[in-house]
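Working notes, structure below.
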Amino acid sequence: MTASAGTRPTPGAPVTGTPAAAAVGPAPVVRRGTDLVRVGLGSVVLGIGFLLARQGELSAVERDLFRLVNDLPALVFPAVWVVMQLGNVVAVPVLAGLAALTRRLRLARDLLVSGLLAYVGADLVKSVVGRERPGGLPVGTVLHEGPIGGLGFVSGHSAVAAALATAAAPYLSRRGRHVVWALAWGVGLARIYAGAHLPLDVVGGLALGWAIGSLVHWAFGIPRRTVRPARVEALLSEVGLPGSRVRPAPVRARSSHPFAAVDATGRRLYVKYLEPDRSERDRLYRVWRLLAAGDVKDADAMAPLGQQAEHEAVAAMTAHARGVRVPEVVVARGGDRDAVVVQEHVTGRPLDELDPAEVTPELLRAVWEQVDLLHAARVAHRDLVASSVLVDTDRRPWLVDFGNAETGASDDSLADDVAQLLSSLACVLDPVPVVDTAVGVLGARPVGAALPSLAPLTLAAETRHRLAGRPQVLAELRAAVRARLGLPDPDLPAWPPAGRPAVAAAAAGVVVVLAGFLVLAGTAVLDTLERGGWRWLGGAVLLAALARGVAAAAVVTSLPRRLAVGRAVLLTAASDRASLLHGAAGRRRAAARYLERAGILPEQAARAAGLTVAGRLAGAAVVLVSAVALGLAQDRLGDWQVPDAVLRPVLVGLGAALLVAAAQVLARRAGPAAPRGWVRPDRLPPRWPALLGWAALVVALEAAVLACALQAAGGRPAVLGVVAGYAALRLVWTVLPLTALPGAAEAALVLLLTALGAPPAPACAAVLLTRVLLFWVPAAVGAAVDRPAVEPVSRPARLPATR
């Protein structure tokens with residue numbers, strides 16, 4: 001089999017230097033994970049609209065927006081009516097039929113399924129919410145289309161229009177996508193103008209249609225665009241290679257269209273036609289990558305295609321000039337809509353297509369030597385999988401496909417390269433010699449720095465596909481790296497079993513919290529929720545989720561190495577779970593061990609755990625001082641008066657809770673002791689202002705959760721008083737961990753709320769809800785994730801290699 005520079009041959013492709021036209025066929029169907037993200041975001045927007053619509057009240061903002069559009073003159077009604085019909089359910093079969101007549105059958109299917117599902121889904125939501133249309137509300141509606149019956153939330157026309165726009169988007173150019181979405185929003189504005197729907201109805205309908213259309217794309221997949229060879233030949237003539245004969249290359253390529261060419265002189269070339277709609281150009285994809293993996297795959301993906309081609313050429317030429325075996329770049333040009341990168345043809349086979357017996361130690365060492373030269377030039381490949389390494393007929397490795405490359409790369413990007421190649425090679429070879437060779441060539445430090453990136457979400461899609469159903473490969477690779485570098489295995493238990501007394505004491509704390517508070521709260525709280533507390537309950541849930549994300553950002557800020565926010569969120573959950581049975585020392589140790597499991601070196605992990613605690617303490621102090629100062633200036637801290645009838649049972653409950661907490665401490669001391677795992681931070685991190693800001697924001701958001709929960713339960717909180725009191729308790733819990741144990745923390749919060757004047761029943765309900773959202777649910781998640789995915793692999797430790 002032969003392959004051109006930058007190609008990834010498909011198994012079973014013809015063994016020819018110039019691929020035949022037999023490679024041309026139906027466009028492959030691809031599924032994009034961001035479609036599921038769109039489904040989730042659309043559902044969140046729809047859920048928020050649902051909570052707002054269920055409260056039965058019309059805000060001044062929504063009323064004013066409605067009047068602004070609805071009061072437009074009747075002169076525009078004919079044009080508005082035409083646009084509005086694009087959201088009529090009758091438009092669904094019409095547009096699907098037109099697509100079928102033009103032989104775009106996949107588009108016809110997606111339009112038909114998405115439009116009909118949006119219509120049915122909108123009717124279902126309407127029946128559940130039961131919101132009136134504007135004609136039945138005191139908003140001064142002008143009915144341009146005459147009386148309209150039925151229900152309001154959501155707008156069925158908007159849902160159908162958004163579903164059709166979403167379904168059609170992958171089949172259109174960027175300009176076409178802008179047009180169809182402008183029409184979808186036009187349908188929503190037309191429904192407001194006609195007096196049929198309020199703005200919230202339209203936003204909910206657009207969110208519903210967006211989610212349904214995205215779900216259809218994920219279920220069926222979307223076809224990848226095809227490029228005709230004649231178009232590539234014309235583009236080559238424009239960039240100075242006239243008379244070139246172009247044929248599609250039977251290779252795998254995710255973000256480009258590969259072609260083999262022969263120019264007028266008979267020279268063989270590899271032509272890479274850049275994909276104008278690659279997934280990296282999707283802004284939502286980039287945000288998702290940043291949150292899930294801590295980076296974006298290609299920093300230049302949003303640039304014009306011509307600039308991307310030139311950047312790829314510069315990276316390849318830079319590597320070539322520094323001695324890396326890279327195919328010579330012939331030309332790289334293009335504009336906003338298309339671009340090509342042309343390189344000399346190299347006959348060879350990808351490294352992952354070789355038989356394992358052919359990958360000798362000499363070849364493996366030669367591959368890592370090319371990587372060493374590449375990184376010495378400060379060039380990060382950013383997609384360095386085994387298929388990006390071609391082995392020519394002289395058994396020399398070539399590095400190809402620099403589409404995601406980065407010049408002047410950071411240490412994190414270089415470490416990602418090492419992780420990508422290690423994991424890709426481990427899919428086809430024994431991880432031990434792969435790691436040994438990498439350490440022997442690169443040294444211990446670069447390989448150790450790659451540990452945090454040895455996780456599925458940070459790896460290339462091709463590697464993730466190979467690892468599907470084989471998690472032991474990645475676990476064995478991480479174990480091999482740690483064994484080769486003499487690092488401890490974080491998958492081993494962080495401490496001995498807690499023992500029965502500690503478990504019984506923790507269970508007693510749970511009983512005190514759940515049973516006692518439910519009895520005190522009673523059933524009157526449910527009546528409060530029925531009268532409008534659901535929206536505050538929804539706000540508490542959203543703020544709690546946001547607080548978790550901000551806490552994860554604080555953890556990431558305390559680290560010297562990039563870490564995905566998703567991992568940091570799970571770290572905070574694992575820490576909460578550990579504190580149940582092992583207290584504050586267990587929380588810190590669990591955080592450090594989870595960081596080690598993510599690849600952070602032990603000293604850095606322990607230091608980050610200490611910095612996180614210090615940041616939490618400083619953040620609580622900042623919030624406390626700010627809330628007290630603002631409250632005193634505005635006289636909004638509350639009365640802080642508690643009747644004796646309320647104070648006595650609260651103090652009794654507080655005493656009982658403290659006794660339970662003390663029993664937990666004694667039970668832990670009776671059992672095996674948990675190691676402290678504490679390293680005092682010797683200096684502030686370079687980003688300490690950001691760490692302080694994130695920590696303060698966490699405390700403020702958690703206090704806001706408590707205030708929303710009290711409002712949902714029927715209390716009337718003094719917000720600044722709640723914030724100041726919660727921040728003070730946060731300080732106490734950090735300095736005296738005993739007061740934060742299950743039972744004691746809840747009782748202290750009830751005392752705070754009752755001191756602010758809240759009745760005991762709403763206070764108990766609010767505290768129970770707050771602790772469930774901020775502690776008990778994350779602790780349950782931590783119990784599920786804080787365990788090794790597979791059995792750890794044990795190997796004798798060796799001394800770290802030096803360069």
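Going by the structure tokens order, chains are called A, B, ..., each with residues numbered from 1, while ligands are numbered from 1 in the order shown.
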Requested in this report: Please provide the set of residues having any atom within 12 Å of Tyr273 in chain A, restricted to only C-alpha atoms, with same-chain residues fewer than 3 positions apart removed, written as a PyMOL selection string.
Outcome: chain A and resi 6-7+225-229+231-233+235-236+246+248-249+253-261+270+276-278+305-306+308-309+332-335+337-343+403
Writer output for current selection, N, CA and C atoms, as a CSV table (one decimal), in the first residue's frame:
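Done, and the output landed in result.csv:
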```csv
chain,number,residue,atom,x,y,z
A,6,GLY,N,0.6,13.2,4.5
A,6,GLY,CA,-0.6,13.8,5.1
A,6,GLY,C,-1.8,12.9,5.0
A,7,THR,N,-1.6,11.7,4.4
A,7,THR,CA,-2.8,10.8,4.2
A,7,THR,C,-2.9,9.8,5.3
A,225,ARG,N,-19.3,16.5,2.9
A,225,ARG,CA,-19.3,17.1,1.6
A,225,ARG,C,-18.3,16.4,0.7
A,226,THR,N,-18.6,16.4,-0.6
A,226,THR,CA,-17.7,15.9,-1.6
A,226,THR,C,-17.2,17.1,-2.4
A,227,VAL,N,-16.0,16.9,-2.9
A,227,VAL,CA,-15.3,17.9,-3.8
A,227,VAL,C,-15.0,17.3,-5.1
A,228,ARG,N,-15.3,17.9,-6.2
A,228,ARG,CA,-15.0,17.3,-7.5
A,228,ARG,C,-13.6,17.6,-7.9
A,229,PRO,N,-12.9,16.6,-8.5
A,229,PRO,CA,-11.5,16.8,-8.9
A,229,PRO,C,-11.4,18.0,-9.8
A,231,ARG,N,-12.8,20.9,-9.6
A,231,ARG,CA,-12.6,22.1,-8.8
A,231,ARG,C,-11.2,22.2,-8.3
A,232,VAL,N,-10.6,21.1,-7.9
A,232,VAL,CA,-9.3,21.1,-7.4
A,232,VAL,C,-8.3,21.4,-8.5
A,233,GLU,N,-8.5,20.8,-9.7
A,233,GLU,CA,-7.6,21.2,-10.8
A,233,GLU,C,-7.6,22.6,-11.1
A,235,LEU,N,-8.3,25.0,-9.0
A,235,LEU,CA,-7.7,25.8,-8.0
A,235,LEU,C,-6.1,25.6,-8.1
A,236,LEU,N,-5.7,24.5,-8.5
A,236,LEU,CA,-4.2,24.3,-8.7
A,236,LEU,C,-3.7,25.2,-9.8
A,246,VAL,N,-5.8,15.4,-11.4
A,246,VAL,CA,-6.1,15.1,-10.0
A,246,VAL,C,-7.1,14.0,-9.9
A,248,PRO,N,-9.2,11.5,-6.7
A,248,PRO,CA,-9.4,11.4,-5.2
A,248,PRO,C,-8.5,10.3,-4.7
A,249,ALA,N,-8.0,10.5,-3.5
A,249,ALA,CA,-7.1,9.6,-2.8
A,249,ALA,C,-7.9,8.7,-1.8
A,253,ALA,N,-9.5,11.0,6.1
A,253,ALA,CA,-9.2,12.4,6.4
A,253,ALA,C,-10.4,13.1,7.0
A,254,ARG,N,-10.2,13.6,8.2
A,254,ARG,CA,-11.4,14.1,9.0
A,254,ARG,C,-11.7,15.6,8.6
A,255,SER,N,-10.7,16.4,8.4
A,255,SER,CA,-10.9,17.8,8.2
A,255,SER,C,-10.4,18.3,6.9
A,256,SER,N,-10.2,17.4,5.9
A,256,SER,CA,-9.8,17.8,4.6
A,256,SER,C,-10.2,16.8,3.6
A,257,HIS,N,-10.1,17.1,2.3
A,257,HIS,CA,-10.4,16.2,1.2
A,257,HIS,C,-9.0,15.9,0.5
A,258,PRO,N,-8.6,14.6,0.6
A,258,PRO,CA,-7.2,14.3,0.0
A,258,PRO,C,-7.3,13.9,-1.5
A,259,PHE,N,-6.4,14.4,-2.2
A,259,PHE,CA,-6.3,14.0,-3.6
A,259,PHE,C,-4.8,13.7,-4.0
A,260,ALA,N,-4.7,12.8,-4.9
A,260,ALA,CA,-3.4,12.6,-5.5
A,260,ALA,C,-3.3,13.2,-6.9
A,261,ALA,N,-2.2,13.8,-7.2
A,261,ALA,CA,-2.1,14.6,-8.4
A,261,ALA,C,-0.7,14.4,-9.1
A,270,TYR,N,0.8,15.3,-3.5
A,270,TYR,CA,-0.3,15.1,-2.6
A,270,TYR,C,-1.0,16.4,-2.4
A,276,PRO,N,-14.1,23.3,4.3
A,276,PRO,CA,-14.6,24.6,4.8
A,276,PRO,C,-15.5,24.5,6.0
A,277,ASP,N,-16.1,23.4,6.3
A,277,ASP,CA,-17.0,23.2,7.4
A,277,ASP,C,-16.5,22.2,8.4
A,278,ARG,N,-15.3,22.2,8.6
A,278,ARG,CA,-14.7,21.2,9.6
A,278,ARG,C,-15.3,21.5,11.0
A,305,LEU,N,-9.7,30.2,5.3
A,305,LEU,CA,-9.1,28.9,4.8
A,305,LEU,C,-7.7,29.2,4.3
A,306,GLY,N,-7.5,30.2,3.5
A,306,GLY,CA,-6.2,30.5,3.0
A,306,GLY,C,-5.2,30.7,4.1
A,308,GLN,N,-5.3,29.4,7.0
A,308,GLN,CA,-5.1,28.0,7.6
A,308,GLN,C,-4.1,27.2,6.8
A,309,ALA,N,-4.2,27.3,5.5
A,309,ALA,CA,-3.3,26.6,4.6
A,309,ALA,C,-1.9,27.1,4.8
A,332,ALA,N,1.0,26.5,-0.9
A,332,ALA,CA,-0.2,26.5,0.0
A,332,ALA,C,-0.9,27.9,-0.2
A,333,ARG,N,-2.0,27.8,-0.8
A,333,ARG,CA,-2.8,29.1,-1.1
A,333,ARG,C,-4.3,28.8,-1.0
A,334,GLY,N,-5.0,29.9,-1.0
A,334,GLY,CA,-6.4,29.8,-1.0
A,334,GLY,C,-7.1,31.1,-0.6
A,335,GLY,N,-8.4,31.1,-0.5
A,335,GLY,CA,-9.2,32.2,-0.1
A,335,GLY,C,-10.1,31.9,1.1
A,337,ARG,N,-13.2,30.7,0.9
A,337,ARG,CA,-14.1,29.5,0.6
A,337,ARG,C,-13.4,28.2,0.4
A,338,ASP,N,-12.2,28.2,-0.1
A,338,ASP,CA,-11.4,27.0,-0.4
A,338,ASP,C,-9.9,27.3,-0.4
A,339,ALA,N,-9.2,26.2,-0.1
A,339,ALA,CA,-7.7,26.4,0.0
A,339,ALA,C,-7.1,25.0,-0.2
A,340,VAL,N,-5.8,25.0,-0.6
A,340,VAL,CA,-5.1,23.7,-0.8
A,340,VAL,C,-3.7,23.8,-0.2
A,341,VAL,N,-3.2,22.7,0.2
A,341,VAL,CA,-1.8,22.5,0.6
A,341,VAL,C,-1.3,21.4,-0.2
A,342,VAL,N,-0.2,21.7,-1.0
A,342,VAL,CA,0.3,20.7,-1.9
A,342,VAL,C,1.7,20.4,-1.4
A,343,GLN,N,2.0,19.1,-1.3
A,343,GLN,CA,3.3,18.6,-0.9
A,343,GLN,C,3.8,17.5,-1.8
A,403,GLY,N,-2.0,19.9,9.9
A,403,GLY,CA,-3.2,20.7,9.8
A,403,GLY,C,-3.5,21.4,11.2
```
Query raised in the report: Expressed in Å to a single decimal, how great is the separation between CA of Pro433 in chain A and CA of Leu364 in chain A?
Result: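 Going from CA of Pro433 in chain A over to CA of Leu364 in chain A, I get 8.9 Å.
Between CA of Ser626 in chain A and CA of Val698 in chain A the interatomic distance comes to 14.3 Å.
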